[in-house]
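Content type mmCIF, C-alpha atoms, from the file coords-v8.cif:
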data_target
loop_
_atom_site.group_PDB
_atom_site.id
_atom_site.type_symbol
_atom_site.label_atom_id
_atom_site.label_comp_id
_atom_site.auth_asym_id
_atom_site.auth_seq_id
_atom_site.Cartn_x
_atom_site.Cartn_y
_atom_site.Cartn_z
ATOM 1 C CA MET G 1 15.127 20.115 -1.410
ATOM 2 C CA SER G 2 15.577 18.515 -4.792
ATOM 3 C CA VAL G 3 13.983 21.383 -6.731
ATOM 4 C CA VAL G 4 15.853 24.098 -4.841
ATOM 5 C CA THR G 5 19.173 22.270 -5.255
ATOM 6 C CA ILE G 6 18.598 21.862 -8.998
ATOM 7 C CA LEU G 7 17.597 25.522 -9.349
ATOM 8 C CA LEU G 8 20.763 26.627 -7.561
ATOM 9 C CA ARG G 9 22.938 24.499 -9.805
ATOM 10 C CA ALA G 10 21.150 25.596 -12.976
ATOM 11 C CA ALA G 11 20.536 29.294 -12.248
ATOM 12 C CA PRO G 12 23.935 30.588 -13.393
ATOM 13 C CA PHE G 13 23.510 28.817 -16.730
ATOM 14 C CA LEU G 14 20.118 30.461 -17.174
ATOM 15 C CA VAL G 15 20.966 33.929 -15.852
ATOM 16 C CA PHE G 16 24.599 34.740 -16.537
ATOM 17 C CA LYS G 17 26.111 34.670 -19.994
ATOM 18 C CA LYS G 18 29.765 34.817 -19.068
ATOM 19 C CA LYS G 19 30.298 36.576 -15.751
ATOM 20 C CA ALA G 20 28.364 37.097 -12.541
ATOM 21 C CA PRO G 21 28.024 40.419 -10.661
ATOM 22 C CA ALA G 22 30.837 41.267 -8.233
ATOM 23 C CA TYR G 23 28.554 41.051 -5.176
ATOM 24 C CA VAL G 24 27.448 37.528 -6.136
ATOM 25 C CA MET G 25 31.062 36.479 -6.670
ATOM 26 C CA TYR G 26 31.950 37.956 -3.274
ATOM 27 C CA LEU G 27 29.190 36.018 -1.518
ATOM 28 C CA GLY G 28 30.432 32.920 -3.309
ATOM 29 C CA GLN G 29 33.833 33.429 -1.754
ATOM 30 C CA VAL G 30 32.759 34.045 1.808
ATOM 31 C CA LEU G 31 29.456 32.196 2.304
ATOM 32 C CA PRO G 32 30.722 28.590 2.196
ATOM 33 C CA ALA G 33 33.043 29.067 5.185
ATOM 34 C CA ALA G 34 30.324 30.864 7.149
ATOM 35 C CA ILE G 35 27.710 28.223 6.384
ATOM 36 C CA ILE G 36 30.001 25.416 7.576
ATOM 37 C CA GLY G 37 30.311 27.343 10.838
ATOM 38 C CA MET G 38 26.523 27.643 10.938
ATOM 39 C CA LEU G 39 26.101 23.908 10.345
ATOM 40 C CA VAL G 40 28.482 23.019 13.176
ATOM 41 C CA VAL G 41 26.262 25.004 15.534
ATOM 42 C CA TYR G 42 23.129 23.529 13.935
ATOM 43 C CA CYS G 43 24.382 19.995 14.610
ATOM 44 C CA LEU G 44 25.005 20.792 18.256
ATOM 45 C CA LYS G 45 21.778 22.750 18.816
ATOM 46 C CA ASP G 46 20.157 20.106 21.009
ATOM 47 C CA THR G 47 23.226 19.621 23.191
ATOM 48 C CA ASN G 48 22.489 20.980 26.651
ATOM 49 C CA PRO G 49 25.615 22.200 28.466
ATOM 50 C CA LEU G 50 23.599 22.903 31.645
ATOM 51 C CA SER G 51 22.467 19.369 32.479
ATOM 52 C CA ALA G 52 24.293 16.014 32.679
ATOM 53 C CA PRO G 53 26.413 14.961 30.845
ATOM 54 C CA PHE G 54 26.933 18.688 30.088
ATOM 55 C CA GLY G 55 27.741 18.087 26.441
ATOM 56 C CA ALA G 56 30.842 16.106 27.337
ATOM 57 C CA PRO G 57 30.488 13.426 24.599
ATOM 58 C CA GLU G 58 30.023 16.130 21.958
ATOM 59 C CA LEU G 59 32.957 18.140 23.293
ATOM 60 C CA ILE G 60 35.339 15.173 23.526
ATOM 61 C CA ALA G 61 34.393 13.682 20.146
ATOM 62 C CA GLY G 62 34.320 17.153 18.525
ATOM 63 C CA LEU G 63 37.808 17.993 19.788
ATOM 64 C CA LEU G 64 39.002 14.589 18.601
ATOM 65 C CA VAL G 65 37.672 15.336 15.109
ATOM 66 C CA ALA G 66 39.245 18.802 14.990
ATOM 67 C CA GLY G 67 42.571 17.609 16.413
ATOM 68 C CA LEU G 68 42.804 14.531 14.254
ATOM 69 C CA HIS G 69 41.853 16.540 11.201
ATOM 70 C CA ALA G 70 44.425 19.255 11.886
ATOM 71 C CA TRP G 71 47.015 16.486 12.244
ATOM 72 C CA LYS G 72 46.168 14.069 9.411
ATOM 73 C CA ARG G 73 43.981 16.209 7.106
ATOM 74 C CA ASN G 74 41.997 13.125 6.094
ATOM 75 C CA ILE G 75 38.284 13.908 6.166
ATOM 76 C CA LEU G 76 37.094 10.299 6.167
ATOM 77 C CA LEU G 77 39.461 9.297 8.970
ATOM 78 C CA SER G 78 38.311 12.285 11.048
ATOM 79 C CA ILE G 79 34.631 11.444 10.545
ATOM 80 C CA LEU G 80 34.988 7.734 11.219
ATOM 81 C CA ALA G 81 37.112 8.200 14.352
ATOM 82 C CA GLY G 82 34.910 10.982 15.732
ATOM 83 C CA THR G 83 31.675 9.086 15.123
ATOM 84 C CA ALA G 84 33.062 5.882 16.637
ATOM 85 C CA ALA G 85 34.286 7.824 19.675
ATOM 86 C CA TYR G 86 30.909 9.503 20.084
ATOM 87 C CA MET G 87 29.018 6.211 19.794
ATOM 88 C CA LEU G 88 31.263 4.544 22.369
ATOM 89 C CA LEU G 89 31.033 7.519 24.720
ATOM 90 C CA THR G 90 27.234 7.782 24.585
ATOM 91 C CA GLN G 91 26.588 4.054 24.665
ATOM 92 C CA LEU G 92 29.152 2.941 27.231
ATOM 93 C CA VAL G 93 30.430 5.867 29.282
ATOM 94 C CA PHE G 94 27.744 8.513 29.775
ATOM 95 C CA MET W 95 35.377 2.274 -23.914
ATOM 96 C CA LYS W 96 38.519 4.320 -23.458
ATOM 97 C CA THR W 97 36.393 7.214 -22.229
ATOM 98 C CA VAL W 98 34.522 4.958 -19.788
ATOM 99 C CA LYS W 99 37.757 3.598 -18.348
ATOM 100 C CA ALA W 100 39.323 7.048 -18.042
ATOM 101 C CA ALA W 101 36.192 8.378 -16.315
ATOM 102 C CA PHE W 102 36.132 5.436 -13.891
ATOM 103 C CA VAL W 103 39.782 5.954 -12.977
ATOM 104 C CA LYS W 104 39.156 9.668 -12.518
ATOM 105 C CA SER W 105 36.223 8.976 -10.196
ATOM 106 C CA LEU W 106 38.109 6.519 -7.963
ATOM 107 C CA PRO W 107 39.244 9.068 -5.337
ATOM 108 C CA VAL W 108 35.599 9.908 -4.656
ATOM 109 C CA MET W 109 34.429 6.295 -4.469
ATOM 110 C CA ALA W 110 35.360 5.402 -0.875
ATOM 111 C CA GLY W 111 34.177 8.733 0.487
ATOM 112 C CA TYR W 112 30.812 8.651 -1.230
ATOM 113 C CA ILE W 113 30.096 5.049 -0.324
ATOM 114 C CA ILE W 114 30.991 5.588 3.344
ATOM 115 C CA LEU W 115 29.168 8.922 3.659
ATOM 116 C CA GLY W 116 26.259 7.385 1.722
ATOM 117 C CA ILE W 117 26.081 4.508 4.210
ATOM 118 C CA GLY W 118 26.088 7.051 7.033
ATOM 119 C CA PHE W 119 23.236 8.908 5.373
ATOM 120 C CA GLY W 120 21.266 5.689 4.804
ATOM 121 C CA ILE W 121 21.590 4.687 8.474
ATOM 122 C CA LEU W 122 20.760 8.200 9.672
ATOM 123 C CA ALA W 123 17.647 8.354 7.481
ATOM 124 C CA HIS W 124 16.586 4.883 8.598
ATOM 125 C CA ASN W 125 16.976 5.786 12.278
ATOM 126 C CA ALA W 126 14.868 8.922 11.709
ATOM 127 C CA GLY W 127 12.080 6.790 10.252
ATOM 128 C CA TYR W 128 12.894 7.231 6.558
ATOM 129 C CA GLY W 129 13.679 3.803 5.148
ATOM 130 C CA PHE W 130 15.013 2.454 1.893
ATOM 131 C CA PRO W 131 12.613 4.189 -0.592
ATOM 132 C CA TRP W 132 13.272 7.582 1.022
ATOM 133 C CA ALA W 133 17.044 7.190 1.097
ATOM 134 C CA LEU W 134 17.042 6.028 -2.520
ATOM 135 C CA ALA W 135 14.758 8.839 -3.690
ATOM 136 C CA MET W 136 16.735 11.518 -1.838
ATOM 137 C CA SER W 137 20.058 10.310 -3.221
ATOM 138 C CA LEU W 138 18.676 10.044 -6.746
ATOM 139 C CA LEU W 139 16.803 13.358 -6.776
ATOM 140 C CA ILE W 140 18.768 15.671 -4.472
ATOM 141 C CA PHE W 141 22.333 14.321 -4.644
ATOM 142 C CA ALA W 142 23.796 16.853 -2.232
ATOM 143 C CA GLY W 143 25.530 15.211 0.718
ATOM 144 C CA SER W 144 25.422 17.823 3.463
ATOM 145 C CA MET W 145 21.903 18.871 2.525
ATOM 146 C CA GLN W 146 20.623 15.318 2.710
ATOM 147 C CA TYR W 147 22.087 14.901 6.194
ATOM 148 C CA VAL W 148 20.534 18.199 7.282
ATOM 149 C CA GLY W 149 17.343 17.415 5.340
ATOM 150 C CA VAL W 150 16.655 14.238 7.311
ATOM 151 C CA GLY W 151 16.715 16.305 10.496
ATOM 152 C CA LEU W 152 14.425 18.942 8.998
ATOM 153 C CA LEU W 153 11.934 16.330 7.778
ATOM 154 C CA ALA W 154 12.000 14.401 11.060
ATOM 155 C CA GLY W 155 11.627 17.614 13.068
ATOM 156 C CA GLY W 156 8.657 18.779 10.995
ATOM 157 C CA ALA W 157 10.308 21.989 9.787
ATOM 158 C CA SER W 158 8.173 24.450 7.786
ATOM 159 C CA VAL W 159 8.379 24.552 3.991
ATOM 160 C CA LEU W 160 9.960 27.999 4.215
ATOM 161 C CA THR W 161 12.670 26.728 6.570
ATOM 162 C CA VAL W 162 13.392 23.811 4.240
ATOM 163 C CA ILE W 163 13.630 26.093 1.192
ATOM 164 C CA LEU W 164 15.814 28.711 2.885
ATOM 165 C CA THR W 165 18.066 26.113 4.501
ATOM 166 C CA THR W 166 18.552 24.407 1.150
ATOM 167 C CA VAL W 167 19.392 27.751 -0.453
ATOM 168 C CA MET W 168 22.015 28.547 2.186
ATOM 169 C CA VAL W 169 23.530 25.098 2.538
ATOM 170 C CA ASN W 170 23.757 24.675 -1.222
ATOM 171 C CA ALA W 171 24.481 28.297 -2.157
ATOM 172 C CA ARG W 172 28.060 27.312 -2.939
ATOM 173 C CA HIS W 173 26.768 25.282 -5.879
ATOM 174 C CA LEU W 174 25.869 28.559 -7.591
ATOM 175 C CA PHE W 175 29.550 29.290 -7.703
ATOM 176 C CA TYR W 176 30.579 25.884 -8.933
ATOM 177 C CA SER W 177 28.132 26.398 -11.777
ATOM 178 C CA ILE W 178 29.421 29.903 -12.464
ATOM 179 C CA SER W 179 32.946 28.584 -12.823
ATOM 180 C CA MET W 180 31.741 25.786 -15.112
ATOM 181 C CA LEU W 181 29.701 28.088 -17.397
ATOM 182 C CA ARG W 182 32.223 27.963 -20.198
ATOM 183 C CA LEU W 183 33.143 24.286 -19.845
ATOM 184 C CA TYR W 184 29.556 23.018 -19.864
ATOM 185 C CA ARG W 185 28.131 25.490 -22.365
ATOM 186 C CA ASN W 186 28.272 23.231 -25.397
ATOM 187 C CA ALA W 187 27.850 19.887 -23.668
ATOM 188 C CA GLY W 188 24.652 19.179 -25.616
ATOM 189 C CA ARG W 189 22.553 16.291 -24.381
ATOM 190 C CA TYR W 190 24.873 15.751 -21.394
ATOM 191 C CA LYS W 191 24.403 19.317 -20.147
ATOM 192 C CA PRO W 192 21.256 18.870 -17.958
ATOM 193 C CA TYR W 193 22.765 15.960 -16.036
ATOM 194 C CA LEU W 194 26.181 17.640 -15.760
ATOM 195 C CA ILE W 195 24.495 20.632 -14.125
ATOM 196 C CA PHE W 196 22.272 18.500 -11.865
ATOM 197 C CA SER W 197 25.181 16.399 -10.617
ATOM 198 C CA LEU W 198 27.699 19.162 -9.895
ATOM 199 C CA THR W 199 28.484 18.324 -6.251
ATOM 200 C CA ASP W 200 31.532 19.463 -4.266
ATOM 201 C CA GLU W 201 33.417 16.289 -5.110
ATOM 202 C CA THR W 202 32.433 16.197 -8.779
ATOM 203 C CA TYR W 203 33.422 19.841 -9.073
ATOM 204 C CA SER W 204 36.785 19.166 -7.431
ATOM 205 C CA LEU W 205 37.497 16.419 -9.959
ATOM 206 C CA LEU W 206 36.401 18.333 -13.047
ATOM 207 C CA CYS W 207 37.154 21.999 -12.332
ATOM 208 C CA ASP W 208 40.624 21.902 -13.849
ATOM 209 C CA GLY W 209 38.969 21.173 -17.213
ATOM 210 C CA LYS W 210 41.516 18.506 -18.117
ATOM 211 C CA VAL W 211 40.408 15.517 -20.144
ATOM 212 C CA PRO W 212 42.586 12.445 -20.796
ATOM 213 C CA ASP W 213 43.939 12.038 -24.332
ATOM 214 C CA GLY W 214 41.537 10.359 -26.696
ATOM 215 C CA ALA W 215 38.474 10.778 -24.480
ATOM 216 C CA ASP W 216 35.354 12.656 -25.576
ATOM 217 C CA PRO W 217 35.314 15.630 -23.119
ATOM 218 C CA ASP W 218 31.548 15.901 -22.606
ATOM 219 C CA ARG W 219 31.024 12.156 -22.349
ATOM 220 C CA PHE W 220 34.008 11.910 -19.991
ATOM 221 C CA ARG W 221 32.598 14.568 -17.638
ATOM 222 C CA PHE W 222 29.145 13.008 -17.854
ATOM 223 C CA LEU W 223 30.502 9.585 -16.897
ATOM 224 C CA VAL W 224 32.617 10.911 -14.012
ATOM 225 C CA SER W 225 29.471 12.606 -12.646
ATOM 226 C CA LEU W 226 27.435 9.441 -13.155
ATOM 227 C CA PHE W 227 30.023 7.207 -11.448
ATOM 228 C CA ASN W 228 30.095 9.597 -8.514
ATOM 229 C CA GLN W 229 26.329 9.568 -8.105
ATOM 230 C CA SER W 230 26.225 5.791 -8.406
ATOM 231 C CA TYR W 231 28.667 5.506 -5.453
ATOM 232 C CA TRP W 232 26.483 7.852 -3.431
ATOM 233 C CA VAL W 233 23.270 5.997 -4.267
ATOM 234 C CA LEU W 234 24.940 2.639 -3.607
ATOM 235 C CA GLY W 235 26.151 3.796 -0.179
ATOM 236 C CA SER W 236 22.729 5.207 0.751
ATOM 237 C CA VAL W 237 20.995 1.975 -0.213
ATOM 238 C CA ILE W 238 23.515 -0.172 1.688
ATOM 239 C CA GLY W 239 23.144 2.070 4.737
ATOM 240 C CA SER W 240 19.366 1.968 4.804
ATOM 241 C CA LEU W 241 19.280 -1.798 4.255
ATOM 242 C CA VAL W 242 21.916 -2.792 6.827
ATOM 243 C CA SER W 243 20.958 -0.382 9.608
ATOM 244 C CA GLY W 244 18.203 -2.698 10.856
ATOM 245 C CA ILE W 245 20.387 -5.798 10.999
ATOM 246 C CA LEU W 246 23.696 -4.480 12.327
ATOM 247 C CA PRO W 247 25.017 -6.530 15.283
ATOM 248 C CA PHE W 248 25.672 -3.370 17.321
ATOM 249 C CA SER W 249 23.625 -0.338 18.275
ATOM 250 C CA THR W 250 23.842 2.537 15.813
ATOM 251 C CA ALA W 251 22.806 5.063 18.472
ATOM 252 C CA GLY W 252 25.055 8.067 18.076
ATOM 253 C CA ILE W 253 25.673 7.524 14.348
ATOM 254 C CA GLU W 254 24.102 10.955 13.783
ATOM 255 C CA PHE W 255 27.359 12.420 15.055
ATOM 256 C CA SER W 256 28.834 11.569 11.635
ATOM 257 C CA MET W 257 27.129 14.716 10.341
ATOM 258 C CA THR W 258 28.592 16.826 13.155
ATOM 259 C CA ALA W 259 31.989 15.251 12.520
ATOM 260 C CA LEU W 260 31.721 15.996 8.789
ATOM 261 C CA PHE W 261 31.100 19.682 9.454
ATOM 262 C CA ILE W 262 33.707 19.994 12.233
ATOM 263 C CA ALA W 263 36.315 18.384 9.947
ATOM 264 C CA SER W 264 35.292 20.667 7.048
ATOM 265 C CA PHE W 265 35.428 23.660 9.370
ATOM 266 C CA THR W 266 38.916 22.685 10.583
ATOM 267 C CA GLU W 267 40.109 22.139 7.018
ATOM 268 C CA GLN W 268 38.671 25.483 5.956
ATOM 269 C CA TRP W 269 40.175 27.228 8.984
ATOM 270 C CA ILE W 270 43.665 25.853 8.236
ATOM 271 C CA THR W 271 43.633 26.724 4.534
ATOM 272 C CA ALA W 272 41.845 30.100 4.627
ATOM 273 C CA LYS W 273 43.836 33.306 4.900
ATOM 274 C CA ASP W 274 40.905 35.161 6.376
ATOM 275 C CA HIS W 275 38.981 33.697 9.298
ATOM 276 C CA ILE W 276 36.262 36.350 9.441
ATOM 277 C CA PRO W 277 33.709 34.448 7.283
ATOM 278 C CA ALA W 278 34.073 31.232 9.300
ATOM 279 C CA ALA W 279 33.949 33.093 12.622
ATOM 280 C CA THR W 280 30.928 35.092 11.427
ATOM 281 C CA GLY W 281 29.067 31.891 10.618
ATOM 282 C CA LEU W 282 29.934 30.202 13.894
ATOM 283 C CA LEU W 283 29.370 33.142 16.254
ATOM 284 C CA GLY W 284 26.404 34.616 14.364
ATOM 285 C CA THR W 285 24.606 31.286 14.516
ATOM 286 C CA LEU W 286 25.503 30.758 18.168
ATOM 287 C CA PHE W 287 24.083 34.203 18.929
ATOM 288 C CA CYS W 288 20.829 33.376 17.121
ATOM 289 C CA LEU W 289 20.616 29.992 18.854
ATOM 290 C CA VAL W 290 20.794 31.696 22.250
ATOM 291 C CA VAL W 291 18.356 34.453 21.266
ATOM 292 C CA PHE W 292 15.770 32.480 19.272
ATOM 293 C CA GLY W 293 16.113 28.955 20.724
ATOM 294 C CA PRO W 294 16.889 25.631 19.024
ATOM 295 C CA ASP W 295 13.677 25.419 16.975
ATOM 296 C CA ARG W 296 13.669 28.744 15.162
ATOM 297 C CA PHE W 297 17.194 30.088 14.892
ATOM 298 C CA LEU W 298 18.178 28.937 11.388
ATOM 299 C CA ILE W 299 16.420 31.606 9.335
ATOM 300 C CA PRO W 300 17.558 34.508 11.571
ATOM 301 C CA ALA W 301 21.078 33.053 11.509
ATOM 302 C CA MET W 302 21.133 32.937 7.701
ATOM 303 C CA LEU W 303 19.882 36.517 7.459
ATOM 304 C CA LEU W 304 22.379 37.733 10.064
ATOM 305 C CA ILE W 305 25.306 35.956 8.353
ATOM 306 C CA THR W 306 24.436 37.412 4.946
ATOM 307 C CA LEU W 307 23.977 40.876 6.457
ATOM 308 C CA LEU W 308 27.263 40.776 8.383
ATOM 309 C CA LEU W 309 29.248 39.470 5.420
ATOM 310 C CA THR W 310 27.730 42.204 3.247
ATOM 311 C CA LEU W 311 28.831 44.794 5.817
ATOM 312 C CA PHE W 312 32.329 43.264 5.935
ATOM 313 C CA ARG W 313 32.604 43.304 2.165
ATOM 314 C CA ASN W 314 34.967 46.245 1.818
ATOM 315 C CA ARG W 315 37.250 44.922 4.523
ATOM 316 C CA LEU W 316 37.324 41.397 3.186
ATOM 317 C CA SER W 317 37.791 42.183 -0.472
ATOM 318 C CA ALA W 318 40.363 44.939 0.114
ATOM 319 C CA GLY W 319 43.257 42.587 0.818
ATOM 320 C CA LYS W 320 42.738 40.125 -1.990
ATOM 321 C CA LYS W 321 41.926 39.965 -5.644
ATOM 322 C CA VAL W 322 38.250 39.460 -6.340
ATOM 323 C CA ASP W 323 37.855 37.617 -9.576
ATOM 324 C CA ALA W 324 34.806 39.289 -11.064
#

Once more with this new file: its structure as structure tokens, please.
Amino acid sequence: MSVVTILLRAAPFLVFKKKAPAYVMYLGQVLPAAIIGMLVVYCLKDTNPLSAPFGAPELIAGLLVAGLHAWKRNILLSILAGTAAYMLLTQLVF
Amino acid sequence: MKTVKAAFVKSLPVMAGYIILGIGFGILAHNAGYGFPWALAMSLLIFAGSMQYVGVGLLAGGASVLTVILTTVMVNARHLFYSISMLRLYRNAGRYKPYLIFSLTDETYSLLCDGKVPDGADPDRFRFLVSLFNQSYWVLGSVIGSLVSGILPFSTAGIEFSMTALFIASFTEQWITAKDHIPAATGLLGTLFCLVVFGPDRFLIPAMLLITLLLTLFRNRLSAGKKVDA
């Protein structure tokens, strides 16, 4: 993980003099948004909607994060509130 | 000294976030069986927030080397583009250059990408110190997290949702600010499709391939409406 991360950060300095190819620039524009979407699904991969509690803690806390974030736009607040809600829900409710 | 102070002030907005997310990472790693030395080593050597959160899961789940490499490439692919946009700024940074490149995280990039340097500060040293302050917050948080997670007076079960929350909040932020929702939707739906088809243990690599393929196919559509800076 360390080596690959360093290579990614260093590659442009080793490969490109001034500009990168258009296709690479395009991927740079669109990949980040897609990968965040991928990671959301990755995080929820072990949630089973077919057996109790049917993913309810994830759904409730996830909606709280999205709603709170759309409202306040404060990433730390969204994370702290969502995580606290999830911990309370899984430990006390479900 | 003036440069040090200016760099510290510049790094302040990142401080709270890195310490808190670092603590979350430290606790998460500890709960997965990776204690203090692991958290410290990962934060010193990788220094990539999302990837470290994901990486703990990969390590704990016994993922293959290929999965780890490919996941790191995809999760951190955006760093390629931070580096591309810093090519000119970092070109002549001399002895600071290797560390500047190593430490170019999302947050460090967001602080330094405008290229501005306070009056009287040495530009390369200033950027180096901002990067160093940022990493020190991250390392500090990770260490605190891994040390306190065993002695907290309440159960930390469910703390792993902090990673999910981080990505849901980032996704929401991205969705609100982006003009085009096709990339985000492609990532979400493409991965969901692969999860259903391939199952929870082997869907990541197909998902990454599918996302790259679909976005390549959408290229003409997506770049038609906006200026592509290339």

Determine, for each residue of chain G having at least one atom at most 6 Å from an atom of chain W, the closest pair of atoms and their separation in Å to one decimal, counting all atoms listed in the file; order by chain and ascending number, as a Markdown table.
| residue | atom | partner | partner_atom | distance |
| --- | --- | --- | --- | --- |
| G:Ser2 | CA | W:Ile140 | CA | 4.3 |
| G:Ile6 | CA | W:Phe196 | CA | 5.7 |
| G:Leu8 | CA | W:Leu174 | CA | 5.5 |
| G:Arg9 | CA | W:Leu174 | CA | 5.5 |
| G:Pro12 | CA | W:Ile178 | CA | 5.6 |
| G:Ala22 | CA | W:Ala324 | CA | 5.3 |
| G:Gly28 | CA | W:Phe175 | CA | 5.8 |
| G:Val30 | CA | W:Pro277 | CA | 5.6 |
| G:Pro32 | CA | W:Arg172 | CA | 5.9 |
| G:Ala33 | CA | W:Ala278 | CA | 4.8 |
| G:Ala34 | CA | W:Gly281 | CA | 3.8 |
| G:Ile35 | CA | W:Gly281 | CA | 5.8 |
| G:Ile36 | CA | W:Phe265 | CA | 6.0 |
| G:Gly37 | CA | W:Leu282 | CA | 4.2 |
| G:Met38 | CA | W:Gly281 | CA | 5.0 |
| G:Val40 | CA | W:Phe261 | CA | 5.6 |
| G:Cys43 | CA | W:Thr258 | CA | 5.5 |
| G:Lys45 | CA | W:Pro294 | CA | 5.7 |
| G:Ala66 | CA | W:Ala263 | CA | 5.8 |
| G:His69 | CA | W:Ala263 | CA | 6.0 |
| G:Ile79 | CA | W:Ala259 | CA | 5.0 |
| G:Thr83 | CA | W:Ser256 | CA | 5.1 |
| G:Met87 | CA | W:Gly252 | CA | 4.7 |

Let me know the residues the PyMOL selection byres ((chain G and resi 48) around 12) catches in the file above, as a PyMOL selection string.
(chain G and resi 44-47+49-59) or (chain W and resi 290+293-294)

Interatomic distance between CA of Thr202 in chain W and CA of Gly214 in chain W?
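So the answer is 20.9 Å.
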
Let me know the residues the PyMOL selection byres ((chain W and resi 116) around 8) catches in the file above, as number ranges by chain.
W: 112-115, 117-120, 143, 231-237, 239

Those residues with C-alpha atoms, as a PDB file, in the frame of the given file please?
ATOM      1  CA  TYR W 112      30.812   8.651  -1.230  1.00  0.00           C
ATOM      2  CA  ILE W 113      30.096   5.049  -0.324  1.00  0.00           C
ATOM      3  CA  ILE W 114      30.991   5.588   3.344  1.00  0.00           C
ATOM      4  CA  LEU W 115      29.168   8.922   3.659  1.00  0.00           C
ATOM      5  CA  ILE W 117      26.081   4.508   4.210  1.00  0.00           C
ATOM      6  CA  GLY W 118      26.088   7.051   7.033  1.00  0.00           C
ATOM      7  CA  PHE W 119      23.236   8.908   5.373  1.00  0.00           C
ATOM      8  CA  GLY W 120      21.266   5.689   4.804  1.00  0.00           C
ATOM      9  CA  GLY W 143      25.530  15.211   0.718  1.00  0.00           C
ATOM     10  CA  TYR W 231      28.667   5.506  -5.453  1.00  0.00           C
ATOM     11  CA  TRP W 232      26.483   7.852  -3.431  1.00  0.00           C
ATOM     12  CA  VAL W 233      23.270   5.997  -4.267  1.00  0.00           C
ATOM     13  CA  LEU W 234      24.940   2.639  -3.607  1.00  0.00           C
ATOM     14  CA  GLY W 235      26.151   3.796  -0.179  1.00  0.00           C
ATOM     15  CA  SER W 236      22.729   5.207   0.751  1.00  0.00           C
ATOM     16  CA  VAL W 237      20.995   1.975  -0.213  1.00  0.00           C
ATOM     17  CA  GLY W 239      23.144   2.070   4.737  1.00  0.00           C
TER      18      GLY W 239
END

Mind pulling up the distance from CA of Gln229 in chain W to CA of Pro131 in chain W?
16.5 Å

Taken to one decimal, the CA of Asn186 in chain W-CA of Leu226 in chain W distance is 18.5 Å

Residue neighbourhood Leu64 in chain G, 9 Å, all atoms listed in the file, exclusion window fewer than 3 positions, as a ChimeraX atom specification
/G:59-61,67-69,78,81-82,85

Can you write out the residues you just picked, keeping C-alpha atoms, as a tab-separated table (two decimals), keeping the file's coordinate frame?
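Below is the file result.tsv, written as the result:
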chain	number	residue	atom	x	y	z
G	59	LEU	CA	32.96	18.14	23.29
G	60	ILE	CA	35.34	15.17	23.53
G	61	ALA	CA	34.39	13.68	20.15
G	67	GLY	CA	42.57	17.61	16.41
G	68	LEU	CA	42.80	14.53	14.25
G	69	HIS	CA	41.85	16.54	11.20
G	78	SER	CA	38.31	12.28	11.05
G	81	ALA	CA	37.11	8.20	14.35
G	82	GLY	CA	34.91	10.98	15.73
G	85	ALA	CA	34.29	7.82	19.68

Please evaluate the PyMOL selection byres ((chain W and resi 104) around 10) against the structure above and give the resulting residues as a PDB file with C-alpha atoms, in the coordinates of the input.
ATOM      1  CA  VAL W  98      34.522   4.958 -19.788  1.00  0.00           C
ATOM      2  CA  LYS W  99      37.757   3.598 -18.348  1.00  0.00           C
ATOM      3  CA  ALA W 100      39.323   7.048 -18.042  1.00  0.00           C
ATOM      4  CA  ALA W 101      36.192   8.378 -16.315  1.00  0.00           C
ATOM      5  CA  PHE W 102      36.132   5.436 -13.891  1.00  0.00           C
ATOM      6  CA  VAL W 103      39.782   5.954 -12.977  1.00  0.00           C
ATOM      7  CA  SER W 105      36.223   8.976 -10.196  1.00  0.00           C
ATOM      8  CA  LEU W 106      38.109   6.519  -7.963  1.00  0.00           C
ATOM      9  CA  PRO W 107      39.244   9.068  -5.337  1.00  0.00           C
ATOM     10  CA  VAL W 108      35.599   9.908  -4.656  1.00  0.00           C
ATOM     11  CA  MET W 109      34.429   6.295  -4.469  1.00  0.00           C
ATOM     12  CA  LEU W 205      37.497  16.419  -9.959  1.00  0.00           C
ATOM     13  CA  LEU W 206      36.401  18.333 -13.047  1.00  0.00           C
ATOM     14  CA  VAL W 211      40.408  15.517 -20.144  1.00  0.00           C
ATOM     15  CA  PRO W 212      42.586  12.445 -20.796  1.00  0.00           C
ATOM     16  CA  PHE W 220      34.008  11.910 -19.991  1.00  0.00           C
ATOM     17  CA  ARG W 221      32.598  14.568 -17.638  1.00  0.00           C
ATOM     18  CA  LEU W 223      30.502   9.585 -16.897  1.00  0.00           C
ATOM     19  CA  VAL W 224      32.617  10.911 -14.012  1.00  0.00           C
ATOM     20  CA  PHE W 227      30.023   7.207 -11.448  1.00  0.00           C
ATOM     21  CA  ASN W 228      30.095   9.597  -8.514  1.00  0.00           C
TER      22      ASN W 228
END

Could you work out an axis-aligned bounding box for all listed atoms of range 70-73 of chain G, with 3 Å added on each of the six sides, and give its centre and edge lengths in Å to one decimal, as lines of an AutoDock Vina configuration file?
center_x = 45.5
center_y = 16.7
center_z = 9.7
size_x = 9.0
size_y = 11.2
size_z = 11.1
